[in-house]
file target.csv (CSV, C-alpha atoms)
chain,number,residue,atom,x,y,z
F,1,MET,CA,55.7,-46.5,38.5
F,2,ALA,CA,55.4,-43.4,40.7
F,3,GLY,CA,58.6,-41.5,40.9
F,4,HIS,CA,60.1,-43.3,37.9
F,5,SER,CA,59.7,-42.0,34.4
F,6,THR,CA,61.0,-43.7,31.3
F,7,PRO,CA,62.5,-41.3,28.7
F,8,VAL,CA,60.2,-40.8,25.7
F,9,ASP,CA,61.4,-41.1,22.2
F,10,ALA,CA,61.0,-37.5,21.1
F,11,LYS,CA,60.6,-38.5,17.5
F,12,LYS,CA,57.6,-40.6,18.2
F,13,LEU,CA,55.9,-39.0,21.2
F,14,TRP,CA,55.7,-35.6,22.7
F,15,GLY,CA,57.2,-35.9,26.2
F,16,GLY,CA,56.5,-32.4,27.4
F,17,GLY,CA,59.1,-29.8,28.3
F,18,ILE,CA,59.1,-28.4,24.8
F,19,SER,CA,56.4,-27.0,22.6
F,20,PRO,CA,54.6,-29.7,20.6
F,21,PHE,CA,54.6,-30.0,16.8
F,22,ASN,CA,57.9,-28.0,16.6
F,23,VAL,CA,55.8,-24.8,16.6
F,24,SER,CA,56.1,-22.2,19.4
F,25,TYR,CA,53.3,-21.8,22.0
F,26,GLY,CA,52.2,-18.4,20.7
F,27,LYS,CA,51.8,-19.6,17.1
F,28,ILE,CA,49.9,-22.7,18.2
F,29,MET,CA,47.5,-20.6,20.2
F,30,MET,CA,47.1,-18.2,17.3
F,31,TRP,CA,46.1,-21.1,15.1
F,32,PHE,CA,43.6,-22.4,17.6
F,33,PHE,CA,42.1,-19.0,18.0
F,34,LEU,CA,41.7,-18.7,14.2
F,35,VAL,CA,40.0,-22.1,14.1
F,36,SER,CA,37.5,-20.9,16.7
F,37,ASP,CA,37.0,-17.7,14.8
F,38,ALA,CA,36.5,-19.7,11.6
F,39,PHE,CA,33.7,-21.6,13.4
F,40,THR,CA,31.9,-18.3,14.0
F,41,PHE,CA,32.2,-17.1,10.4
F,42,SER,CA,31.2,-20.5,9.0
F,43,ALA,CA,28.1,-20.5,11.2
F,44,LEU,CA,27.1,-17.0,10.1
F,45,LEU,CA,27.6,-17.9,6.4
F,46,ILE,CA,25.7,-21.2,6.7
F,47,SER,CA,22.8,-19.5,8.5
F,48,TYR,CA,22.9,-16.9,5.8
F,49,GLY,CA,22.5,-19.6,3.1
F,50,TYR,CA,19.7,-21.2,5.1
F,51,MET,CA,17.7,-18.0,5.5
F,52,ARG,CA,18.3,-17.0,1.9
F,53,HIS,CA,16.8,-20.3,0.8
F,54,ARG,CA,13.9,-19.7,3.2
F,55,PHE,CA,13.1,-16.3,1.6
F,56,GLU,CA,14.2,-17.1,-1.9
F,57,GLU,CA,11.3,-15.3,-3.6
F,58,VAL,CA,11.9,-12.0,-1.9
F,59,TRP,CA,15.7,-12.1,-1.4
F,60,PRO,CA,17.5,-9.2,-3.1
F,61,ILE,CA,20.2,-10.1,-5.6
F,62,ALA,CA,23.5,-8.5,-4.3
F,63,GLU,CA,24.3,-7.5,-7.9
F,64,ASN,CA,21.3,-5.2,-8.0
F,65,VAL,CA,22.0,-3.7,-4.6
F,66,PHE,CA,25.7,-2.9,-4.7
F,67,THR,CA,26.1,-1.1,-8.1
F,68,HIS,CA,27.9,2.0,-7.1
F,69,PHE,CA,31.5,2.9,-8.0
F,70,PRO,CA,33.3,6.1,-6.8
F,71,PHE,CA,33.4,9.0,-9.3
F,72,MET,CA,31.4,7.0,-11.8
F,73,HIS,CA,27.7,7.2,-12.7
F,74,GLY,CA,25.4,4.4,-13.6
F,75,ASP,CA,25.3,0.7,-12.7
F,76,HIS,CA,28.5,-1.2,-12.1
F,77,PRO,CA,27.6,-4.4,-10.5
F,78,LEU,CA,30.5,-6.4,-8.8
F,79,LEU,CA,33.2,-3.9,-9.9
F,80,TYR,CA,33.6,-2.2,-6.6
F,81,VAL,CA,33.6,-5.4,-4.5
F,82,ALA,CA,36.1,-6.9,-7.0
F,83,LEU,CA,38.4,-3.9,-6.4
F,84,MET,CA,38.1,-4.4,-2.6
F,85,THR,CA,38.9,-8.1,-3.0
F,86,PHE,CA,42.0,-7.1,-5.1
F,87,ILE,CA,43.1,-4.7,-2.4
F,88,LEU,CA,42.8,-7.3,0.4
F,89,ILE,CA,44.7,-10.0,-1.7
F,90,MET,CA,47.4,-7.5,-2.4
F,91,SER,CA,47.8,-6.7,1.3
F,92,SER,CA,48.0,-10.4,2.0
F,93,VAL,CA,50.9,-10.6,-0.4
F,94,THR,CA,52.7,-7.7,1.2
F,95,MET,CA,52.1,-9.3,4.6
F,96,VAL,CA,53.7,-12.6,3.6
F,97,LEU,CA,56.6,-10.7,2.1
F,98,ALA,CA,57.1,-9.0,5.4
F,99,VAL,CA,57.2,-12.4,7.1
F,100,GLU,CA,59.7,-13.6,4.5
F,101,ALA,CA,61.9,-10.5,5.1
F,102,GLY,CA,61.7,-11.3,8.8
F,103,HIS,CA,63.1,-14.7,8.3
F,104,ARG,CA,66.2,-13.1,6.8
F,105,MET,CA,66.4,-10.6,9.7
F,106,ASN,CA,65.9,-7.8,7.1
F,107,LYS,CA,64.5,-4.9,9.1
F,108,LYS,CA,64.2,-2.6,6.1
F,109,GLY,CA,62.2,-5.2,4.2
F,110,VAL,CA,59.8,-5.9,7.1
F,111,THR,CA,59.2,-2.1,7.6
F,112,LEU,CA,58.4,-1.5,3.9
F,113,TRP,CA,56.1,-4.5,3.5
F,114,MET,CA,54.3,-3.9,6.8
F,115,THR,CA,53.7,-0.3,5.9
F,116,LEU,CA,52.0,-1.4,2.6
F,117,THR,CA,50.0,-4.0,4.5
F,118,ILE,CA,48.6,-1.4,6.9
F,119,VAL,CA,47.8,1.0,4.1
F,120,GLY,CA,46.0,-1.7,2.2
F,121,GLY,CA,44.0,-2.6,5.3
F,122,LEU,CA,43.0,1.0,5.9
F,123,ILE,CA,41.9,1.4,2.2
F,124,PHE,CA,39.8,-1.8,2.6
F,125,VAL,CA,38.1,-0.6,5.8
F,126,GLY,CA,37.4,2.8,4.1
F,127,SER,CA,35.9,1.0,1.1
F,128,GLN,CA,33.6,-0.9,3.4
F,129,ALA,CA,32.5,2.2,5.1
F,130,TRP,CA,31.7,3.7,1.7
F,131,GLU,CA,29.7,0.7,0.7
F,132,TRP,CA,27.7,0.7,4.0
F,133,TYR,CA,27.0,4.4,3.5
F,134,HIS,CA,25.4,3.7,0.1
F,135,PHE,CA,23.5,0.7,1.3
F,136,ILE,CA,22.1,2.7,4.3
F,137,HIS,CA,21.4,5.7,2.2
F,138,GLY,CA,19.6,3.7,-0.6
F,139,THR,CA,18.5,4.9,-4.0
F,140,GLU,CA,17.0,8.2,-4.9
F,141,LEU,CA,13.7,6.6,-5.9
F,142,GLY,CA,13.4,4.4,-2.9
F,143,ALA,CA,10.6,1.7,-2.8
F,144,LEU,CA,7.2,1.1,-1.3
F,145,GLN,CA,6.7,-1.0,1.7
F,146,LEU,CA,3.2,-2.5,1.4
F,147,ALA,CA,0.8,-2.9,4.3
F,148,ASP,CA,1.8,-6.6,4.7
F,149,GLY,CA,5.5,-5.5,5.1
F,150,THR,CA,6.7,-6.7,1.7
F,151,ILE,CA,8.6,-4.4,-0.6
F,152,ALA,CA,7.3,-3.3,-4.0
F,153,GLN,CA,9.5,-1.5,-6.5
F,154,TRP,CA,8.4,1.6,-8.5
F,155,LEU,CA,7.9,1.0,-12.2
F,156,SER,CA,9.0,4.6,-13.1
F,157,ASP,CA,10.2,7.9,-11.5
F,158,ALA,CA,6.5,9.1,-11.6
F,159,LYS,CA,5.8,6.6,-8.8
F,160,GLU,CA,2.4,5.6,-10.2
F,161,GLY,CA,2.9,1.9,-11.0
F,162,LEU,CA,4.3,-0.9,-8.8
F,163,LEU,CA,6.2,-4.1,-9.3
F,164,LEU,CA,5.0,-6.5,-6.6
F,165,PRO,CA,7.3,-9.1,-5.0
F,166,SER,CA,5.3,-11.8,-6.8
F,167,GLY,CA,6.4,-10.3,-10.1
F,168,VAL,CA,3.1,-8.8,-11.1
F,169,GLU,CA,2.9,-5.2,-12.3
F,170,VAL,CA,0.0,-3.0,-11.1
F,171,THR,CA,-1.0,0.4,-12.3
F,172,GLY,CA,-3.9,2.8,-12.0
F,173,ALA,CA,-6.5,2.7,-9.2
F,174,GLU,CA,-5.1,-0.6,-7.9
F,175,ALA,CA,-1.7,0.8,-7.5
F,176,ALA,CA,-3.1,4.0,-5.9
F,177,ALA,CA,-4.8,2.0,-3.2
F,178,LEU,CA,-1.6,0.1,-2.4
F,179,ILE,CA,0.4,3.4,-2.3
F,180,GLN,CA,-2.3,4.8,0.1
F,181,SER,CA,-1.9,2.0,2.6
F,182,GLY,CA,1.9,1.5,2.2
F,183,THR,CA,4.9,3.6,3.2
F,184,GLU,CA,7.8,4.9,1.1
F,185,VAL,CA,11.1,3.5,2.3
F,186,TYR,CA,14.7,4.6,1.4
F,187,GLY,CA,17.8,2.6,2.0
F,188,ALA,CA,18.3,-0.1,4.5
F,189,ASN,CA,18.7,-0.6,8.2
F,190,LEU,CA,18.1,-3.4,10.6
F,191,THR,CA,14.3,-3.2,10.3
F,192,VAL,CA,13.6,-1.8,6.8
F,193,ASN,CA,15.2,-2.6,3.5
F,194,GLU,CA,14.1,-1.0,0.2
F,195,TYR,CA,15.7,-3.8,-1.8
F,196,GLY,CA,13.8,-6.7,-0.3
F,197,VAL,CA,13.5,-8.5,3.0
F,198,PRO,CA,15.1,-6.8,6.1
F,199,LEU,CA,16.9,-10.0,6.9
F,200,PHE,CA,19.2,-9.4,3.9
F,201,GLY,CA,20.3,-6.1,5.5
F,202,ASP,CA,20.7,-7.8,8.9
F,203,PHE,CA,23.0,-10.4,7.5
F,204,PHE,CA,24.8,-7.9,5.4
F,205,PHE,CA,25.5,-5.6,8.4
F,206,PHE,CA,26.3,-8.5,10.7
F,207,ILE,CA,28.6,-10.5,8.4
F,208,THR,CA,30.4,-7.6,6.7
F,209,GLY,CA,30.5,-5.7,10.0
F,210,PHE,CA,32.0,-8.6,11.9
F,211,HIS,CA,34.5,-9.0,9.1
F,212,GLY,CA,35.2,-5.3,9.0
F,213,THR,CA,35.8,-5.3,12.8
F,214,HIS,CA,38.4,-8.1,12.2
F,215,VAL,CA,40.1,-6.1,9.5
F,216,PHE,CA,40.2,-3.0,11.7
F,217,SER,CA,41.6,-4.9,14.7
F,218,GLY,CA,44.1,-6.5,12.3
F,219,VAL,CA,45.2,-3.1,11.2
F,220,VAL,CA,45.6,-2.1,14.9
F,221,LEU,CA,47.6,-5.3,15.7
F,222,ASN,CA,49.8,-4.8,12.6
F,223,PHE,CA,50.4,-1.2,13.6
F,224,ILE,CA,51.5,-2.2,17.2
F,225,ILE,CA,53.9,-4.8,15.7
F,226,PHE,CA,55.1,-2.2,13.1
F,227,VAL,CA,56.0,0.2,15.9
F,228,ASN,CA,58.0,-2.6,17.6
F,229,VAL,CA,59.8,-3.3,14.3
F,230,LEU,CA,60.8,0.3,14.1
F,231,LYS,CA,62.0,0.3,17.7
F,232,GLY,CA,64.2,-2.7,16.9
F,233,THR,CA,62.5,-4.9,19.5
F,234,TYR,CA,62.7,-8.0,17.2
F,235,GLU,CA,66.2,-7.2,16.1
F,236,LYS,CA,67.2,-7.5,19.8
F,237,ARG,CA,65.1,-10.6,20.3
F,238,GLY,CA,66.8,-12.3,17.4
F,239,HIS,CA,63.7,-13.2,15.4
F,240,TYR,CA,60.6,-11.7,13.9
F,241,GLU,CA,58.0,-14.3,15.0
F,242,MET,CA,55.5,-11.7,16.2
F,243,VAL,CA,55.3,-10.6,12.5
F,244,GLU,CA,54.5,-14.2,11.6
F,245,LYS,CA,51.7,-14.3,14.2
F,246,VAL,CA,50.0,-11.1,13.2
F,247,GLY,CA,50.6,-12.3,9.6
F,248,LEU,CA,48.5,-15.5,10.4
F,249,TYR,CA,45.7,-13.3,11.6
F,250,TRP,CA,45.9,-11.0,8.6
F,251,HIS,CA,45.7,-13.9,6.1
F,252,PHE,CA,42.8,-15.3,8.0
F,253,VAL,CA,40.9,-12.0,7.5
F,254,ASP,CA,41.7,-12.3,3.8
F,255,LEU,CA,40.5,-15.9,3.8
F,256,VAL,CA,37.2,-14.9,5.3
F,257,TRP,CA,36.7,-12.2,2.8
F,258,VAL,CA,37.2,-14.8,0.0
F,259,PHE,CA,34.2,-16.6,1.3
F,260,VAL,CA,32.1,-13.5,2.1
F,261,PHE,CA,32.8,-12.3,-1.5
F,262,THR,CA,31.5,-15.6,-3.0
F,263,PHE,CA,28.5,-16.2,-0.8
F,264,PHE,CA,27.3,-12.7,-0.4
F,265,TYR,CA,28.2,-11.0,-3.7
F,266,LEU,CA,28.6,-13.8,-6.4
F,267,ILE,CA,26.0,-16.3,-5.5
Y,1,MET,CA,66.3,-10.4,26.2
Y,2,SER,CA,64.4,-13.0,28.2
Y,3,ASP,CA,62.0,-15.0,26.2
Y,4,TYR,CA,59.9,-17.0,28.5
Y,5,ASP,CA,57.9,-19.0,26.0
Y,6,ARG,CA,61.3,-20.0,24.3
Y,7,THR,CA,60.0,-18.9,20.9
Y,8,ALA,CA,63.5,-18.6,19.6
Y,9,GLU,CA,63.9,-22.4,19.7
Y,10,TYR,CA,61.2,-22.8,17.0
Y,11,VAL,CA,61.9,-19.9,14.8
Y,12,ASN,CA,62.6,-20.4,11.1
Y,13,HIS,CA,65.4,-18.4,9.6
Y,14,HIS,CA,66.5,-18.7,6.0
Y,15,SER,CA,69.3,-17.6,3.7
Y,16,GLU,CA,69.1,-15.0,0.8
Y,17,GLU,CA,68.9,-17.8,-1.8
Y,18,GLU,CA,66.1,-19.6,0.0
Y,19,GLY,CA,64.4,-16.2,0.4
Y,20,LYS,CA,64.6,-15.7,-3.4
Y,21,LYS,CA,62.9,-19.0,-4.0
Y,22,MET,CA,60.2,-18.2,-1.4
Y,23,ARG,CA,59.4,-14.8,-2.9
Y,24,LYS,CA,59.0,-16.4,-6.2
Y,25,THR,CA,56.4,-18.9,-4.8
Y,26,ILE,CA,54.6,-16.0,-3.1
Y,27,TRP,CA,54.3,-14.1,-6.3
Y,28,VAL,CA,53.2,-17.1,-8.3
Y,29,ILE,CA,50.4,-17.7,-5.8
Y,30,PHE,CA,49.5,-14.1,-5.9
Y,31,TRP,CA,48.9,-14.3,-9.7
Y,32,LEU,CA,47.0,-17.5,-9.3
Y,33,LEU,CA,44.7,-15.9,-6.7
Y,34,LEU,CA,44.2,-12.8,-8.9
Y,35,ALA,CA,43.5,-15.0,-11.9
Y,36,VAL,CA,40.9,-17.0,-10.1
Y,37,THR,CA,39.2,-13.8,-8.7
Y,38,ALA,CA,39.2,-12.4,-12.2
Y,39,VAL,CA,37.5,-15.5,-13.6
Y,40,GLU,CA,34.9,-15.3,-10.8
Y,41,VAL,CA,34.1,-11.7,-11.4
Y,42,THR,CA,33.9,-12.2,-15.2
Y,43,LEU,CA,31.7,-15.2,-14.9
Y,44,GLY,CA,29.5,-13.3,-12.5
Y,45,LEU,CA,29.1,-10.5,-15.1
Y,46,ILE,CA,28.5,-12.6,-18.2
Y,47,TRP,CA,27.0,-15.9,-17.2
Y,48,LYS,CA,23.5,-14.7,-18.1
Y,49,ASP,CA,24.5,-13.5,-21.5
Y,50,MET,CA,26.4,-16.8,-22.2
Y,51,GLY,CA,23.2,-18.7,-21.3
Y,52,LEU,CA,25.0,-20.9,-18.7
Y,53,ALA,CA,22.9,-22.8,-16.1
Y,54,TRP,CA,22.9,-21.2,-12.7
Y,55,THR,CA,23.6,-24.5,-10.9
Y,56,PHE,CA,26.8,-24.9,-12.9
Y,57,VAL,CA,27.9,-21.2,-12.3
Y,58,LYS,CA,27.1,-21.5,-8.6
Y,59,TRP,CA,29.2,-24.6,-8.1
Y,60,THR,CA,32.0,-23.2,-10.2
Y,61,PHE,CA,32.1,-20.2,-7.7
Y,62,ILE,CA,32.2,-22.6,-4.7
Y,63,VAL,CA,34.9,-24.8,-6.2
Y,64,LEU,CA,37.0,-21.7,-7.2
Y,65,THR,CA,36.6,-20.3,-3.7
Y,66,LEU,CA,37.8,-23.5,-2.1
Y,67,VAL,CA,40.8,-23.5,-4.4
Y,68,LYS,CA,41.7,-19.9,-3.3
Y,69,ALA,CA,41.2,-20.9,0.4
Y,70,TYR,CA,43.6,-23.9,-0.1
Y,71,TYR,CA,46.4,-21.7,-1.5
Y,72,ILE,CA,46.0,-19.0,1.2
Y,73,VAL,CA,46.0,-21.5,4.1
Y,74,ALA,CA,48.7,-23.9,2.6
Y,75,TYR,CA,51.2,-21.3,1.4
Y,76,TYR,CA,50.5,-17.9,2.8
Y,77,MET,CA,49.7,-19.3,6.3
Y,78,HIS,CA,52.4,-21.9,5.7
Y,79,LEU,CA,50.3,-24.7,7.1
Y,80,LYS,CA,51.4,-27.1,4.4
Y,81,HIS,CA,54.9,-27.1,5.8
Y,82,GLU,CA,54.0,-27.7,9.4
Y,83,TYR,CA,54.1,-31.1,11.1
Y,84,LYS,CA,51.4,-33.4,9.8
Y,85,ASN,CA,49.9,-33.9,13.2
Y,86,PHE,CA,49.6,-30.1,13.6
Y,87,ILE,CA,47.8,-29.9,10.2
Y,88,TYR,CA,45.3,-32.5,11.5
Y,89,ALA,CA,44.9,-30.7,14.8
Y,90,VAL,CA,43.9,-27.5,13.0
Y,91,ALA,CA,42.0,-28.8,10.0
Y,92,LEU,CA,40.0,-31.8,11.4
Y,93,PRO,CA,38.0,-30.0,14.1
Y,94,TYR,CA,37.1,-27.3,11.6
Y,95,ILE,CA,36.1,-29.7,8.8
Y,96,VAL,CA,34.0,-31.9,11.2
Y,97,LEU,CA,32.1,-28.9,12.6
Y,98,VAL,CA,31.4,-27.3,9.2
Y,99,ALA,CA,30.3,-30.7,7.7
Y,100,TYR,CA,27.9,-31.0,10.7
Y,101,LEU,CA,26.5,-27.5,10.2
Y,102,ILE,CA,26.0,-28.1,6.5
Y,103,VAL,CA,24.2,-31.4,7.1
Y,104,MET,CA,22.0,-29.7,9.7
Y,105,ALA,CA,21.1,-26.8,7.4
Y,106,LEU,CA,20.3,-29.2,4.6
Y,107,THR,CA,18.2,-31.5,6.8
Y,108,GLU,CA,16.3,-28.6,8.3
Y,109,ALA,CA,15.7,-27.1,4.9
Y,110,ILE,CA,13.2,-30.0,4.3
Y,111,TYR,CA,10.8,-28.1,6.4
Y,112,ILE,CA,10.9,-24.9,4.4
Y,113,HIS,CA,11.4,-26.1,0.9
Y,114,ASN,CA,12.6,-29.3,-0.7
Y,115,GLU,CA,16.1,-30.1,0.6
Y,116,ALA,CA,17.4,-30.8,-2.9
Y,117,ASP,CA,16.5,-27.3,-3.9
Y,118,MET,CA,19.2,-25.9,-1.7
Y,119,LEU,CA,21.9,-27.7,-3.7
Y,120,MET,CA,20.6,-26.3,-7.0
call {"tool": "encode", "arguments": {"input": "target.csv", "output": "structure tokens"}}
result
Amino acid sequence: MAGHSTPVDAKKLWGGGISPFNVSYGKIMMWFFLVSDAFTFSALLISYGYMRHRFEEVWPIAENVFTHFPFMHGDHPLLYVALMTFILIMSSVTMVLAVEAGHRMNKKGVTLWMTLTIVGGLIFVGSQAWEWYHFIHGTELGALQLADGTIAQWLSDAKEGLLLPSGVEVTGAEAAALIQSGTEVYGANLTVNEYGVPLFGDFFFFITGFHGTHVFSGVVLNFIIFVNVLKGTYEKRGHYEMVEKVGLYWHFVDLVWVFVFTFFYLI
Amino acid sequence: MSDYDRTAEYVNHHSEEEGKKMRKTIWVIFWLLLAVTAVEVTLGLIWKDMGLAWTFVKWTFIVLTLVKAYYIVAYYMHLKHEYKNFIYAVALPYIVLVAYLIVMALTEAIYIHNEADMLM
């Protein structure tokens, strides 16, 4: 009845006045934000899968595109991206160790592990920039964009023969005619891609770019919290829950990379 | 220090001994994640030479990825130790939406190729 309220059994029902699920408001909201962010990434990866299926014949194999490794010559497929994955997993571990130290009110521990997490994040963002540079720059040889917009690869450095997207090799006068009507392309951007369909580049830039932006903002958030740790803000507050919250965000970034790694580079 | 959202009431603190145990779990899961990643990379490099079927390799990758995702969410993000209703509140909306998106993609794939192709 209006004006009368019966007390609620707190063990069975949430009666208001406190935060539900025995989790603080901030942490619940961080979780719901991450769920909504996960929707975006899932939609991107599923549409990637769909379009890749649509253009199966002309879709570049990531293994043949990302073969560079710093200070090493030749082809090293998967190696660089495996290293990036390792760095991100490592920084996830240091993050969870910072959270654990926070539970023990160990300021020194939180400081150390958060420093390592930030360093790991910066190395990852740098690695991604390096990979983007190589993808945009392309190979020395480049490729030929035919008059119909598809990409044909050169058979040799002499640039006389072509491997058509259909898998047929052409040489001599036939190749010369195609070269005459086509344009040479190097690297990839949003409209041209020497490795195959431009859509591959679009998805690459969009998905890894969106993820990279998350890593970058994660590093910024971690840094802000790190400064507060140094200032003793959480020592005064009596708990390190802010570290836990940015920790959730940071693990999410790692989680997304696990999926990007599989669907973009492995499959 | 005023704390308007009363965060302090829900904070987890633990002792040195509990911390020791937790750190052990953290490192065990790190080695697990690393091992799974190593398997994925190795498989990605040698599956052609080993003569394995692509369908098999692809599904191995997907299953291993889901295994990694589970351990990150359950242990590093600590979701496993939250209230059951909270786990549902987080996981169910996500699972339902993604299942929907996947079904849509597979259904629409009929119009571009055979839908079954997408699974193989």
call {"tool": "closest_residue", "arguments": {"input": "target.csv", "among": "F:Tyr133, F:Phe206, F:Phe226, F:Phe39", "to": "chain Y", "atoms": "only C-alpha atoms"}}
result
F:Phe39
call {"tool": "residues_around", "arguments": {"input": "target.csv", "residues": "Thr7 of chain Y", "least_positions_apart": "2", "cutoff": "10 Å", "atoms": "only C-alpha atoms", "output": "ChimeraX atom specification"}}
result
/F:19,23-27,237,239,241-242 /Y:3-5,9-11
call {"tool": "closest_atom_pairs", "arguments": {"input": "target.csv", "of": "chain Y", "to": "chain F", "cutoff": "7 Å", "atoms": "only C-alpha atoms", "output": "CSV"}}
result
residue,atom,partner,partner_atom,distance
Y:Met1,CA,F:Arg237,CA,6.0
Y:Asp5,CA,F:Tyr25,CA,6.7
Y:Thr7,CA,F:Ser24,CA,5.3
Y:Ala8,CA,F:His239,CA,6.8
Y:Tyr10,CA,F:Ser24,CA,5.7
Y:Val11,CA,F:Glu241,CA,6.8
Y:Asn12,CA,F:His103,CA,6.4
Y:His13,CA,F:His103,CA,4.5
Y:His14,CA,F:Arg104,CA,5.7
Y:Ser15,CA,F:Arg104,CA,6.3
Y:Glu16,CA,F:Arg104,CA,6.9
Y:Gly19,CA,F:Glu100,CA,6.8
Y:Phe30,CA,F:Val93,CA,6.7
Y:Val41,CA,F:Ala82,CA,6.8
Y:Gly44,CA,F:Leu266,CA,6.2
Y:Lys58,CA,F:Ile267,CA,6.2
Y:Phe61,CA,F:Thr262,CA,6.6
Y:Thr65,CA,F:Val258,CA,6.7
Y:Ala69,CA,F:Leu255,CA,6.1
Y:Ile72,CA,F:Leu255,CA,6.8
Y:Tyr76,CA,F:Val96,CA,6.2
Y:Met77,CA,F:Leu248,CA,5.7
Y:Tyr83,CA,F:Phe21,CA,5.8
Y:Phe86,CA,F:Phe21,CA,5.9
Y:Val90,CA,F:Val35,CA,6.8
Y:Tyr94,CA,F:Val35,CA,6.5
Y:Val98,CA,F:Ser42,CA,6.8
Y:Ile102,CA,F:Ile46,CA,6.9
Y:Ala105,CA,F:Tyr50,CA,6.2
Y:Ile112,CA,F:Arg54,CA,6.1
Y:Met118,CA,F:His53,CA,6.6
call {"tool": "closest_residue", "arguments": {"input": "target.csv", "among": "Y:Tyr111, Y:Tyr75, Y:Trp54, Y:Tyr70", "to": "Lys24 of chain Y", "atoms": "only C-alpha atoms"}}
result
Y:Tyr75
call {"tool": "atom_distance", "arguments": {"input": "target.csv", "atom1": "atom CA of Val119 of chain F", "atom2": "atom CA of Tyr71 of chain Y"}}
result
23.4 Å
call {"tool": "atom_distance", "arguments": {"input": "target.csv", "atom1": "atom CA of Ala98 of chain F", "atom2": "atom CA of His214 of chain F"}}
result
19.9 Å
call {"tool": "atom_distance", "arguments": {"input": "target.csv", "atom1": "atom CA of Tyr88 of chain Y", "atom2": "atom CA of Thr37 of chain Y"}}
result
28.2 Å
call {"tool": "residues_around", "arguments": {"input": "target.csv", "residues": "segment 149-161 of chain F", "least_positions_apart": "4", "cutoff": "12 Å", "atoms": "all atoms listed in the file", "output": "number ranges by chain"}}
result
F: 55, 57-60, 139-145, 165-188, 191-199
call {"tool": "closest_residue", "arguments": {"input": "target.csv", "among": "Y:Val39, Y:Ile29, Y:Glu18, Y:Val96", "to": "Ala74 of chain Y", "atoms": "all atoms listed in the file"}}
result
Y:Ile29
call {"tool": "residues_around", "arguments": {"input": "target.csv", "residues": "Ile207 of chain F", "least_positions_apart": "5", "cutoff": "9 Å", "atoms": "all atoms listed in the file", "output": "VMD selection string"}}
result
chain F and resid 41 44 to 45 48 202 212 260
